[in-house]
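Next up, coords09.pdb (PDB, C-alpha atoms):
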```pdb
ATOM      1  CA  MET A  27      25.869 -19.126  23.002
ATOM      2  CA  ASN A  28      22.307 -20.326  22.756
ATOM      3  CA  LYS A  29      20.748 -16.852  22.748
ATOM      4  CA  GLU A  30      21.665 -16.026  19.162
ATOM      5  CA  ARG A  31      21.026 -19.560  17.932
ATOM      6  CA  LYS A  32      17.537 -19.561  19.458
ATOM      7  CA  GLN A  33      16.905 -16.191  17.869
ATOM      8  CA  PHE A  34      18.010 -17.523  14.468
ATOM      9  CA  MET A  35      15.743 -20.565  14.697
ATOM     10  CA  LYS A  36      12.841 -18.242  15.445
ATOM     11  CA  THR A  37      13.249 -16.780  11.938
ATOM     12  CA  CYS A  38      11.303 -19.808  10.761
ATOM     13  CA  LYS A  39       8.255 -18.127  12.312
ATOM     14  CA  PRO A  40       6.973 -14.547  11.924
ATOM     15  CA  VAL A  41       9.431 -12.302  13.728
ATOM     16  CA  PHE A  42       8.171  -9.962  16.439
ATOM     17  CA  ARG A  43      10.119  -6.838  17.064
ATOM     18  CA  ALA A  44       9.608  -3.430  18.607
ATOM     19  CA  LEU A  45       9.414   0.231  17.634
ATOM     20  CA  ALA A  46      12.469   2.355  18.148
ATOM     21  CA  VAL A  47      12.095   5.245  20.553
ATOM     22  CA  VAL A  48      15.709   6.329  20.837
ATOM     23  CA  LEU A  49      16.485   9.863  21.974
ATOM     24  CA  ALA A  50      19.600  11.551  20.638
ATOM     25  CA  VAL A  51      22.157  10.088  22.997
ATOM     26  CA  ALA A  52      25.820   9.240  22.882
ATOM     27  CA  CYS A  53      27.980   6.396  24.023
ATOM     28  CA  ILE A  54      31.697   5.858  23.805
ATOM     29  CA  ALA A  55      33.149   3.035  21.758
ATOM     30  CA  ILE A  56      36.349   1.641  23.215
ATOM     31  CA  ALA A  57      39.162  -0.116  21.388
ATOM     32  CA  ALA A  58      42.626  -0.878  22.663
ATOM     33  CA  ASP A  59      45.195   1.651  21.450
ATOM     34  CA  ALA A  60      42.584   3.372  19.258
ATOM     35  CA  PRO A  61      40.947   6.811  19.259
ATOM     36  CA  LYS A  62      37.577   7.013  20.948
ATOM     37  CA  LEU A  63      34.435   7.250  18.861
ATOM     38  CA  THR A  64      31.177   8.796  19.992
ATOM     39  CA  PHE A  65      28.038   7.119  18.630
ATOM     40  CA  GLN A  66      24.960   9.320  18.267
ATOM     41  CA  PHE A  67      21.645   7.423  18.329
ATOM     42  CA  LYS A  68      18.473   8.918  16.888
ATOM     43  CA  THR A  69      14.781   8.095  16.874
ATOM     44  CA  LEU A  70      13.181   6.101  14.075
ATOM     45  CA  LYS A  71       9.529   7.138  14.031
ATOM     46  CA  GLY A  72       7.013   4.313  14.092
ATOM     47  CA  PHE A  73       4.944   2.966  11.252
ATOM     48  CA  PRO A  74       1.275   4.007  11.771
ATOM     49  CA  LYS A  75      -0.715   1.470  13.826
ATOM     50  CA  ALA A  76       2.300  -0.830  14.195
ATOM     51  CA  GLU A  77       2.638  -2.799  17.395
ATOM     52  CA  GLN A  78       6.380  -3.328  16.842
ATOM     53  CA  THR A  79       8.971  -2.152  14.315
ATOM     54  CA  SER A  80      12.560  -3.284  13.642
ATOM     55  CA  MET A  81      15.087  -2.138  11.035
ATOM     56  CA  TYR A  82      17.981  -4.227   9.657
ATOM     57  CA  GLY A  83      19.582  -2.708   6.559
ATOM     58  CA  ILE A  84      20.608   0.757   5.368
ATOM     59  CA  ASN A  85      21.955   1.956   2.008
ATOM     60  CA  ASN A  86      23.923   5.042   0.971
ATOM     61  CA  LYS A  87      20.740   7.027   0.316
ATOM     62  CA  ASN A  88      19.677   6.596   3.949
ATOM     63  CA  VAL A  89      16.893   4.223   2.987
ATOM     64  CA  VAL A  90      16.304   1.669   5.735
ATOM     65  CA  VAL A  91      14.489  -1.674   5.566
ATOM     66  CA  GLY A  92      13.123  -4.029   8.179
ATOM     67  CA  LEU A  93       9.737  -5.153   9.413
ATOM     68  CA  TYR A  94       6.806  -4.158  11.555
ATOM     69  CA  LEU A  95       4.178  -6.154  13.391
ATOM     70  CA  ASP A  96       0.559  -5.094  12.942
ATOM     71  CA  GLN A  97      -2.170  -5.198  15.579
ATOM     72  CA  LYS A  98      -3.210  -8.696  14.478
ATOM     73  CA  GLY A  99       0.288 -10.072  14.994
ATOM     74  CA  MET A 100       1.233 -10.280  11.292
ATOM     75  CA  SER A 101       4.806  -9.450  10.276
ATOM     76  CA  HIS A 102       5.222  -7.058   7.319
ATOM     77  CA  GLY A 103       8.313  -5.965   5.420
ATOM     78  CA  VAL A 104       8.884  -2.223   5.476
ATOM     79  CA  ARG A 105      10.963   0.402   3.676
ATOM     80  CA  TRP A 106      11.690   3.734   5.398
ATOM     81  CA  ASP A 107      13.034   6.772   3.533
ATOM     82  CA  GLY A 108      15.307   8.766   5.822
ATOM     83  CA  LYS A 109      14.707  11.982   3.867
ATOM     84  CA  SER A 110      10.942  11.956   3.522
ATOM     85  CA  LYS A 111      10.380   9.896   6.711
ATOM     86  CA  LYS A 112       7.913   7.845   4.668
ATOM     87  CA  PHE A 113       7.198   4.184   5.423
ATOM     88  CA  THR A 114       6.130   1.770   2.695
ATOM     89  CA  THR A 115       4.925  -1.776   3.306
ATOM     90  CA  ILE A 116       6.800  -4.400   1.262
ATOM     91  CA  ASP A 117       4.935  -7.730   1.441
ATOM     92  CA  ASP A 118       5.557 -10.700  -0.843
ATOM     93  CA  PRO A 119       2.091 -11.849  -1.996
ATOM     94  CA  LYS A 120       3.111 -15.476  -1.438
ATOM     95  CA  GLY A 121       3.741 -14.780   2.253
ATOM     96  CA  ASP A 122       0.374 -15.659   3.724
ATOM     97  CA  MET A 123       2.022 -15.858   7.168
ATOM     98  CA  GLY A 124       4.062 -12.646   6.873
ATOM     99  CA  SER A 125       7.092 -11.015   5.266
ATOM    100  CA  GLU A 126      10.274  -9.250   6.358
ATOM    101  CA  CYS A 127      12.905  -7.134   4.614
ATOM    102  CA  ILE A 128      16.518  -7.658   5.679
ATOM    103  CA  ASN A 129      18.786  -5.607   3.417
ATOM    104  CA  LEU A 130      19.013  -3.503   0.253
ATOM    105  CA  ASN A 131      21.593  -2.078  -2.138
ATOM    106  CA  SER A 132      22.172   1.482  -3.343
ATOM    107  CA  LYS A 133      19.881   0.886  -6.317
ATOM    108  CA  GLY A 134      17.005   0.155  -3.946
ATOM    109  CA  THR A 135      16.710  -3.586  -4.602
ATOM    110  CA  ILE A 136      15.549  -5.296  -1.407
ATOM    111  CA  VAL A 137      16.073  -8.836  -0.166
ATOM    112  CA  GLY A 138      14.307 -10.665   2.628
ATOM    113  CA  GLY A 139      11.936 -13.516   3.238
ATOM    114  CA  TYR A 140       8.281 -14.509   3.311
ATOM    115  CA  TYR A 141       6.534 -16.992   5.554
ATOM    116  CA  THR A 142       4.132 -19.726   4.571
ATOM    117  CA  ALA A 143       2.675 -22.379   6.869
ATOM    118  CA  GLY A 144       5.692 -23.922   8.559
ATOM    119  CA  SER A 145       8.418 -22.494   6.324
ATOM    120  CA  LEU A 146      10.385 -19.441   5.184
ATOM    121  CA  PHE A 147      11.664 -18.563   1.697
ATOM    122  CA  GLY A 148      13.844 -15.787   0.331
ATOM    123  CA  PHE A 149      12.810 -13.043  -2.069
ATOM    124  CA  GLN A 150      14.260 -10.210  -4.098
ATOM    125  CA  TYR A 151      12.107  -7.114  -4.601
ATOM    126  CA  LYS A 152      13.077  -5.033  -7.630
ATOM    127  CA  ASP A 153      11.098  -2.539  -9.711
ATOM    128  CA  GLY A 154       7.911  -3.470  -7.913
ATOM    129  CA  LYS A 155       8.257  -7.205  -8.588
ATOM    130  CA  PHE A 156       9.041 -10.127  -6.251
ATOM    131  CA  ILE A 157      11.372 -12.929  -7.358
ATOM    132  CA  ASP A 158      12.045 -16.063  -5.310
ATOM    133  CA  VAL A 159      15.698 -16.385  -4.290
ATOM    134  CA  GLY A 160      17.508 -19.310  -2.686
ATOM    135  CA  PRO A 161      18.744 -22.821  -3.454
ATOM    136  CA  ALA A 162      16.471 -25.799  -2.876
ATOM    137  CA  GLY A 163      15.980 -26.573   0.806
ATOM    138  CA  VAL A 164      13.503 -26.779   3.650
ATOM    139  CA  VAL A 165      14.029 -23.161   4.777
ATOM    140  CA  SER A 166      15.922 -20.295   3.157
ATOM    141  CA  GLU A 167      16.225 -16.517   3.233
ATOM    142  CA  ALA A 168      18.156 -13.770   1.453
ATOM    143  CA  TRP A 169      20.092 -11.549   3.870
ATOM    144  CA  GLY A 170      22.503  -9.443   1.825
ATOM    145  CA  ILE A 171      22.726  -7.848  -1.640
ATOM    146  CA  ASN A 172      25.376  -5.668  -3.289
ATOM    147  CA  ASP A 173      25.124  -3.120  -6.103
ATOM    148  CA  ASN A 174      25.948  -5.838  -8.659
ATOM    149  CA  GLY A 175      22.804  -7.711  -7.652
ATOM    150  CA  GLU A 176      24.762 -10.560  -6.049
ATOM    151  CA  ILE A 177      22.995 -12.071  -3.051
ATOM    152  CA  ALA A 178      24.042 -13.851   0.146
ATOM    153  CA  GLY A 179      21.799 -15.856   2.428
ATOM    154  CA  PHE A 180      21.213 -19.205   4.103
ATOM    155  CA  VAL A 181      19.457 -22.479   3.355
ATOM    156  CA  THR A 182      18.566 -25.312   5.743
ATOM    157  CA  ASP A 183      18.646 -28.840   4.322
ATOM    158  CA  SER A 184      16.520 -31.873   5.222
ATOM    159  CA  ASN A 185      19.057 -32.854   7.919
ATOM    160  CA  SER A 186      18.635 -29.463   9.643
ATOM    161  CA  VAL A 187      22.141 -28.379   8.608
ATOM    162  CA  VAL A 188      22.362 -24.639   7.880
ATOM    163  CA  HIS A 189      24.488 -23.600   4.886
ATOM    164  CA  GLY A 190      25.366 -20.146   3.629
ATOM    165  CA  TYR A 191      24.982 -19.413  -0.056
ATOM    166  CA  PHE A 192      26.159 -16.941  -2.686
ATOM    167  CA  TRP A 193      24.132 -16.200  -5.812
ATOM    168  CA  ASP A 194      25.769 -14.426  -8.775
ATOM    169  CA  GLY A 195      22.525 -14.059 -10.717
ATOM    170  CA  LYS A 196      22.959 -17.359 -12.528
ATOM    171  CA  GLU A 197      24.000 -20.047 -10.078
ATOM    172  CA  TYR A 198      24.326 -20.739  -6.360
ATOM    173  CA  THR A 199      27.513 -21.509  -4.469
ATOM    174  CA  ILE A 200      26.987 -23.269  -1.127
ATOM    175  CA  LEU A 201      29.206 -21.885   1.651
ATOM    176  CA  ASP A 202      30.314 -24.062   4.566
ATOM    177  CA  TYR A 203      33.092 -22.621   6.682
ATOM    178  CA  PRO A 204      35.892 -25.200   7.164
ATOM    179  CA  GLY A 205      35.380 -26.954  10.499
ATOM    180  CA  ALA A 206      31.906 -25.462  11.086
ATOM    181  CA  ASN A 207      29.584 -27.541  13.250
ATOM    182  CA  ASN A 208      26.520 -27.888  10.965
ATOM    183  CA  TYR A 209      25.948 -24.138  10.784
ATOM    184  CA  THR A 210      27.218 -21.481   8.372
ATOM    185  CA  ASN A 211      25.091 -18.427   7.680
ATOM    186  CA  ALA A 212      25.967 -15.815   5.039
ATOM    187  CA  TRP A 213      24.768 -12.398   6.222
ATOM    188  CA  GLY A 214      26.202  -9.532   4.139
ATOM    189  CA  ILE A 215      28.023  -8.940   0.849
ATOM    190  CA  ASN A 216      29.842  -5.895  -0.549
ATOM    191  CA  ASN A 217      30.651  -4.819  -4.110
ATOM    192  CA  ALA A 218      34.054  -6.544  -3.994
ATOM    193  CA  GLY A 219      32.284  -9.845  -3.399
ATOM    194  CA  LEU A 220      33.280 -10.285   0.244
ATOM    195  CA  VAL A 221      30.620 -12.236   2.136
ATOM    196  CA  THR A 222      30.330 -12.184   5.938
ATOM    197  CA  LEU A 223      29.767 -15.572   7.561
ATOM    198  CA  GLN A 224      28.480 -16.601  10.963
ATOM    199  CA  TRP A 225      29.521 -20.135  11.879
ATOM    200  CA  ILE A 226      29.494 -22.438  14.892
ATOM    201  CA  ASP A 227      32.764 -24.032  15.984
ATOM    202  CA  SER A 228      33.340 -27.481  17.489
ATOM    203  CA  SER A 229      32.786 -26.070  20.995
ATOM    204  CA  GLY A 230      29.375 -24.692  20.062
ATOM    205  CA  ASN A 231      30.477 -21.045  19.996
ATOM    206  CA  TYR A 232      29.597 -18.581  17.253
ATOM    207  CA  GLU A 233      32.479 -17.063  15.297
ATOM    208  CA  GLY A 234      32.815 -14.748  12.297
ATOM    209  CA  ALA A 235      34.680 -14.937   8.992
ATOM    210  CA  THR A 236      34.478 -13.787   5.369
ATOM    211  CA  TYR A 237      34.359 -15.578   2.032
ATOM    212  CA  ASN A 238      35.925 -14.086  -1.107
ATOM    213  CA  THR A 239      33.687 -14.884  -4.062
ATOM    214  CA  LYS A 240      36.441 -13.927  -6.513
ATOM    215  CA  THR A 241      39.058 -16.333  -5.157
ATOM    216  CA  GLY A 242      36.903 -18.873  -3.338
ATOM    217  CA  ALA A 243      38.969 -18.376  -0.176
ATOM    218  CA  TYR A 244      37.699 -18.299   3.396
ATOM    219  CA  SER A 245      39.358 -15.920   5.861
ATOM    220  CA  LYS A 246      40.698 -16.825   9.247
ATOM    221  CA  PRO A 247      38.176 -16.381  12.086
ATOM    222  CA  ILE A 248      37.225 -12.744  12.709
ATOM    223  CA  ASN A 249      36.106 -12.308  16.300
ATOM    224  CA  VAL A 250      35.530  -9.339  18.576
ATOM    225  CA  PRO A 251      38.395  -9.200  21.103
ATOM    226  CA  GLY A 252      37.317 -10.508  24.497
ATOM    227  CA  ALA A 253      34.000 -11.860  23.203
ATOM    228  CA  ALA A 254      32.637 -15.197  24.365
ATOM    229  CA  SER A 255      30.697 -15.439  21.081
ATOM    230  CA  THR A 256      30.845 -13.253  17.964
ATOM    231  CA  TYR A 257      28.013 -12.680  15.461
ATOM    232  CA  ILE A 258      29.193 -11.002  12.281
ATOM    233  CA  HIS A 259      26.638  -8.923  10.385
ATOM    234  CA  SER A 260      26.804  -6.478   7.438
ATOM    235  CA  ILE A 261      29.869  -5.263   5.524
ATOM    236  CA  ASN A 262      30.261  -2.038   3.515
ATOM    237  CA  ASN A 263      32.415  -1.346   0.444
ATOM    238  CA  ALA A 264      35.380  -0.201   2.548
ATOM    239  CA  GLY A 265      35.337  -3.560   4.331
ATOM    240  CA  ASP A 266      33.965  -2.125   7.581
ATOM    241  CA  ILE A 267      31.880  -4.705   9.464
ATOM    242  CA  VAL A 268      29.351  -4.485  12.289
ATOM    243  CA  PHE A 269      29.024  -7.225  14.898
ATOM    244  CA  SER A 270      26.974  -8.185  17.880
ATOM    245  CA  TRP A 271      28.814 -10.094  20.579
ATOM    246  CA  TYR A 272      28.277 -11.589  24.021
ATOM    247  CA  ASP A 273      30.558 -11.213  27.000
ATOM    248  CA  SER A 274      31.308 -13.930  29.581
ATOM    249  CA  SER A 275      28.277 -12.828  31.613
ATOM    250  CA  GLY A 276      25.930 -13.345  28.682
ATOM    251  CA  ASN A 277      25.373  -9.646  27.969
ATOM    252  CA  GLY A 278      25.056  -8.526  24.342
ATOM    253  CA  HIS A 279      26.937  -5.570  22.823
ATOM    254  CA  GLY A 280      27.796  -4.027  19.465
ATOM    255  CA  ALA A 281      31.120  -3.580  17.696
ATOM    256  CA  LEU A 282      32.418  -1.869  14.583
ATOM    257  CA  ARG A 283      35.547  -3.116  12.829
ATOM    258  CA  MET A 284      36.966  -0.577  10.424
ATOM    259  CA  ARG A 285      40.183   0.112   8.571
ATOM    260  CA  GLU A 286      42.733   2.384  10.257
ATOM    261  CA  GLY A 287      45.624   2.753   7.795
ATOM    262  CA  LYS A 288      46.765  -0.750   6.876
ATOM    263  CA  LYS A 289      45.056  -2.414   9.827
ATOM    264  CA  PHE A 290      41.538  -3.053  11.067
ATOM    265  CA  LYS A 291      40.546  -1.994  14.578
ATOM    266  CA  PHE A 292      37.530  -2.834  16.700
ATOM    267  CA  TYR A 293      35.358  -0.269  18.474
ATOM    268  CA  LYS A 294      32.930  -1.667  21.028
ATOM    269  CA  PHE A 295      29.704   0.091  21.964
ATOM    270  CA  SER A 296      26.324  -0.396  23.613
ATOM    271  CA  ASP A 297      23.182   1.634  23.273
ATOM    272  CA  PRO A 298      22.631   3.380  26.642
ATOM    273  CA  LYS A 299      19.004   2.263  26.546
ATOM    274  CA  GLY A 300      20.046  -1.343  26.062
ATOM    275  CA  PRO A 301      23.488  -1.706  27.675
ATOM    276  CA  ASP A 302      23.104  -5.478  28.060
ATOM    277  CA  TYR A 303      21.518  -6.182  24.681
ATOM    278  CA  THR A 304      22.686  -4.234  21.616
ATOM    279  CA  LYS A 305      22.738  -5.677  18.081
ATOM    280  CA  PRO A 306      23.936  -3.559  15.126
ATOM    281  CA  ASP A 307      22.819  -5.175  11.866
ATOM    282  CA  GLY A 308      23.382  -2.850   8.905
ATOM    283  CA  ILE A 309      26.073  -0.406   7.786
ATOM    284  CA  ASN A 310      26.459   1.752   4.679
ATOM    285  CA  ASP A 311      29.479   3.438   3.072
ATOM    286  CA  LYS A 312      28.952   6.532   5.236
ATOM    287  CA  ARG A 313      29.335   4.254   8.269
ATOM    288  CA  GLU A 314      25.773   4.914   9.327
ATOM    289  CA  ILE A 315      24.559   1.962  11.358
ATOM    290  CA  VAL A 316      21.120   0.520  12.048
ATOM    291  CA  GLY A 317      20.359  -2.144  14.614
ATOM    292  CA  ARG A 318      18.351  -3.220  17.626
ATOM    293  CA  TYR A 319      18.495  -3.046  21.383
ATOM    294  CA  GLU A 320      16.397  -4.309  24.251
ATOM    295  CA  GLN A 321      15.753  -2.359  27.410
ATOM    296  CA  THR A 322      16.415  -4.097  30.691
ATOM    297  CA  GLY A 323      13.196  -5.660  31.921
ATOM    298  CA  HIS A 324      11.526  -5.526  28.501
ATOM    299  CA  LYS A 325      10.943  -8.557  26.291
ATOM    300  CA  PHE A 326      10.822  -6.835  22.889
ATOM    301  CA  GLU A 327      13.661  -5.420  20.812
ATOM    302  CA  GLN A 328      13.679  -1.811  19.644
ATOM    303  CA  SER A 329      15.633  -0.254  16.772
ATOM    304  CA  PHE A 330      18.237   2.475  16.430
ATOM    305  CA  GLU A 331      20.101   4.385  13.762
ATOM    306  CA  ALA A 332      23.544   5.654  14.713
ATOM    307  CA  LYS A 333      26.355   7.811  13.385
ATOM    308  CA  TYR A 334      29.775   8.190  14.941
ATOM    309  CA  SER A 335      32.280  10.995  15.351
ATOM    310  CA  ARG A 336      35.794  11.052  16.760
ATOM    311  CA  GLN A 337      36.443  12.668  20.105
TER     312      GLN A 337
END
```
Since I need it in another form, could you write the structure as structure tokens?
Amino acid sequence: MNKERKQFMKTCKPVFRALAVVLAVACIAIAADAPKLTFQFKTLKGFPKAEQTSMYGINNKNVVVGLYLDQKGMSHGVRWDGKSKKFTTIDDPKGDMGSECINLNSKGTIVGGYYTAGSLFGFQYKDGKFIDVGPAGVVSEAWGINDNGEIAGFVTDSNSVVHGYFWDGKEYTILDYPGANNYTNAWGINNAGLVTLQWIDSSGNYEGATYNTKTGAYSKPINVPGAASTYIHSINNAGDIVFSWYDSSGNGHGALRMREGKKFKFYKFSDPKGPDYTKPDGINDKREIVGRYEQTGHKFEQSFEAKYSRQ
């Protein structure tokens, strides 16, 4: 339980992550009573002179965003074009302690956060300009954006309570999952206005859910079958969602929940290079996935991009 929470709290400091060196490999995703899927992982080439690189979001044009760590230990936001293989640094000028990009929409608008001494604030990067995003609070960050320009993220208040938020371009709606134990974090949002929420229950376990911005309704808990803790991440326009989850032994894995007819089914997977620590973060409408893994015995995360095919 504490692994993901500790990781989240570390977002209040510059985030250190690693360069992906993933060979084209395959692993089998398993779901009860469901066809098998084969996930193909490919290399994301490193940003020049970067000590570490990590990617979090992907749009339908195969543009990926994330961050890299330079040789002086500074975190920088980064945009990677999957066609040209070109990296571009995206740093908010107010972030004297670093920046990071978390997600983007199909129009290329990016959201993320910048660090100042002792705090973190959200930004939107559009047409070469940075705009602060987030309700008033001690710490905040923007984590998801759809093609309508609507944004999801989190804000921490003066009592250290974490709230999700939804921004429609004019006003903020604070999101607290019913029964959550002082923690609700809005991660992703699709064009239909469905927001993915991570929340902590009364037992201290992480669970997932969605919030419908059109109706104001929260879903029932959405958890990976058999998981000790579930961490919901991005959602695409078909309603497919990627998750990271921990088993009873404390090992981390990935999962994809996607529509099969009238029902949703889960497909579990782990990167062969990080079988005990796999975290998918972003998904686009082509069901291309980006995320992170950590090799056994290594202390830094690395990144992957994956596609799946049916066996």
### Top pick for closest residue to Asp153 of chain A, considering A:Gly300, A:Glu320, A:Trp169, A:Ile116 and counting all atoms listed in the file
A:Ile116
### Query
In Å, how far is it from atom CA of Gly190 of chain A to atom CA of Gly234 of chain A?
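Here the two named atoms are 12.6 Å from each other.
For the pair atom CA of Asp194 of chain A and atom CA of Val164 of chain A, the interatomic distance is 21.4 Å.
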### Task
Could you give me, as a list in words, the residues within 9 Å of Lys87 of chain A, counting only C-alpha atoms and dropping anything in the same chain fewer than 5 positions from it?
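Neighbouring residues, sequence-local ones excluded: Asp107, Gly108, Lys109, Ser132, Gly134 and Asn310 of chain A.
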Which residues of segment 218-285 of chain A have any atom within 12 Å of an atom in segment 293-296 of chain A when counting all atoms listed in the file, and what is the closest pair of atoms for each, with the distance in Å to one decimal? Order the rows by chain and rising number and write it as a tab-separated table.
```
residue	atom	partner	partner_atom	distance
A:Val250	CA	A:Lys294	CA	8.5
A:Pro251	CA	A:Lys294	CA	9.3
A:Gly252	CA	A:Lys294	CA	10.5
A:Ala253	CA	A:Lys294	CA	10.5
A:Asp266	CA	A:Tyr293	CA	11.1
A:Ile267	CA	A:Tyr293	CA	10.6
A:Val268	CA	A:Tyr293	CA	9.6
A:Phe269	CA	A:Lys294	CA	9.2
A:Ser270	CA	A:Lys294	CA	9.4
A:Trp271	CA	A:Lys294	CA	9.4
A:Tyr272	CA	A:Lys294	CA	11.4
A:Asp273	CA	A:Lys294	CA	11.5
A:Asn277	CA	A:Ser296	CA	10.3
A:Gly278	CA	A:Ser296	CA	8.3
A:His279	CA	A:Ser296	CA	5.3
A:Gly280	CA	A:Phe295	CA	5.2
A:Ala281	CA	A:Lys294	CA	4.2
A:Leu282	CA	A:Tyr293	CA	5.1
A:Arg283	CA	A:Tyr293	CA	6.3
A:Met284	CA	A:Tyr293	CA	8.2
A:Arg285	CA	A:Tyr293	CA	11.0
```
Can you sort out segment 152-174 of chain A so it carries N, CA and C atoms, written as an mmCIF file, in the coordinates of the input?
```cif
data_model
loop_
_atom_site.group_PDB
_atom_site.id
_atom_site.type_symbol
_atom_site.label_atom_id
_atom_site.label_comp_id
_atom_site.auth_asym_id
_atom_site.auth_seq_id
_atom_site.Cartn_x
_atom_site.Cartn_y
_atom_site.Cartn_z
ATOM 1 N N LYS A 152 12.436 -5.980 -6.716
ATOM 2 C CA LYS A 152 13.077 -5.033 -7.630
ATOM 3 C C LYS A 152 12.045 -4.501 -8.617
ATOM 4 N N ASP A 153 12.010 -3.189 -8.758
ATOM 5 C CA ASP A 153 11.098 -2.539 -9.711
ATOM 6 C C ASP A 153 9.652 -2.983 -9.500
ATOM 7 N N GLY A 154 9.283 -3.130 -8.240
ATOM 8 C CA GLY A 154 7.911 -3.470 -7.913
ATOM 9 C C GLY A 154 7.548 -4.930 -8.089
ATOM 10 N N LYS A 155 8.526 -5.792 -8.366
ATOM 11 C CA LYS A 155 8.257 -7.205 -8.588
ATOM 12 C C LYS A 155 9.037 -8.081 -7.605
ATOM 13 N N PHE A 156 8.414 -9.164 -7.147
ATOM 14 C CA PHE A 156 9.041 -10.127 -6.251
ATOM 15 C C PHE A 156 9.547 -11.327 -7.055
ATOM 16 N N ILE A 157 10.778 -11.749 -6.734
ATOM 17 C CA ILE A 157 11.372 -12.929 -7.358
ATOM 18 C C ILE A 157 11.877 -13.838 -6.251
ATOM 19 N N ASP A 158 11.531 -15.118 -6.290
ATOM 20 C CA ASP A 158 12.045 -16.063 -5.310
ATOM 21 C C ASP A 158 13.554 -16.201 -5.444
ATOM 22 N N VAL A 159 14.241 -16.252 -4.313
ATOM 23 C CA VAL A 159 15.698 -16.385 -4.290
ATOM 24 C C VAL A 159 16.075 -17.449 -3.271
ATOM 25 N N GLY A 160 17.005 -18.319 -3.632
ATOM 26 C CA GLY A 160 17.508 -19.310 -2.686
ATOM 27 C C GLY A 160 17.590 -20.690 -3.303
ATOM 28 N N PRO A 161 18.631 -21.445 -2.970
ATOM 29 C CA PRO A 161 18.744 -22.821 -3.454
ATOM 30 C C PRO A 161 17.680 -23.705 -2.822
ATOM 31 N N ALA A 162 17.481 -24.873 -3.388
ATOM 32 C CA ALA A 162 16.471 -25.799 -2.876
ATOM 33 C C ALA A 162 16.803 -26.207 -1.444
ATOM 34 N N GLY A 163 15.793 -26.200 -0.586
ATOM 35 C CA GLY A 163 15.980 -26.573 0.806
ATOM 36 C C GLY A 163 14.666 -26.480 1.552
ATOM 37 N N VAL A 164 14.703 -26.823 2.824
ATOM 38 C CA VAL A 164 13.503 -26.779 3.650
ATOM 39 C C VAL A 164 13.156 -25.345 4.025
ATOM 40 N N VAL A 165 14.181 -24.555 4.375
ATOM 41 C CA VAL A 165 14.029 -23.161 4.777
ATOM 42 C C VAL A 165 15.154 -22.362 4.135
ATOM 43 N N SER A 166 14.863 -21.154 3.688
ATOM 44 C CA SER A 166 15.922 -20.295 3.157
ATOM 45 C C SER A 166 15.509 -18.843 3.304
ATOM 46 N N GLU A 167 16.504 -17.946 3.225
ATOM 47 C CA GLU A 167 16.225 -16.517 3.233
ATOM 48 C C GLU A 167 17.406 -15.781 2.642
ATOM 49 N N ALA A 168 17.121 -14.643 1.995
ATOM 50 C CA ALA A 168 18.156 -13.770 1.453
ATOM 51 C C ALA A 168 18.449 -12.672 2.454
ATOM 52 N N TRP A 169 19.732 -12.491 2.810
ATOM 53 C CA TRP A 169 20.092 -11.549 3.870
ATOM 54 C C TRP A 169 20.980 -10.394 3.410
ATOM 55 N N GLY A 170 21.616 -10.519 2.266
ATOM 56 C CA GLY A 170 22.503 -9.443 1.825
ATOM 57 C C GLY A 170 22.491 -9.318 0.309
ATOM 58 N N ILE A 171 22.657 -8.089 -0.201
ATOM 59 C CA ILE A 171 22.726 -7.848 -1.640
ATOM 60 C C ILE A 171 23.661 -6.674 -1.897
ATOM 61 N N ASN A 172 24.498 -6.777 -2.939
ATOM 62 C CA ASN A 172 25.376 -5.668 -3.289
ATOM 63 C C ASN A 172 24.858 -4.950 -4.530
ATOM 64 N N ASP A 173 25.594 -3.918 -4.980
ATOM 65 C CA ASP A 173 25.124 -3.120 -6.103
ATOM 66 C C ASP A 173 25.198 -3.857 -7.427
ATOM 67 N N ASN A 174 25.892 -5.000 -7.463
ATOM 68 C CA ASN A 174 25.948 -5.838 -8.659
ATOM 69 C C ASN A 174 24.777 -6.813 -8.729
#
```
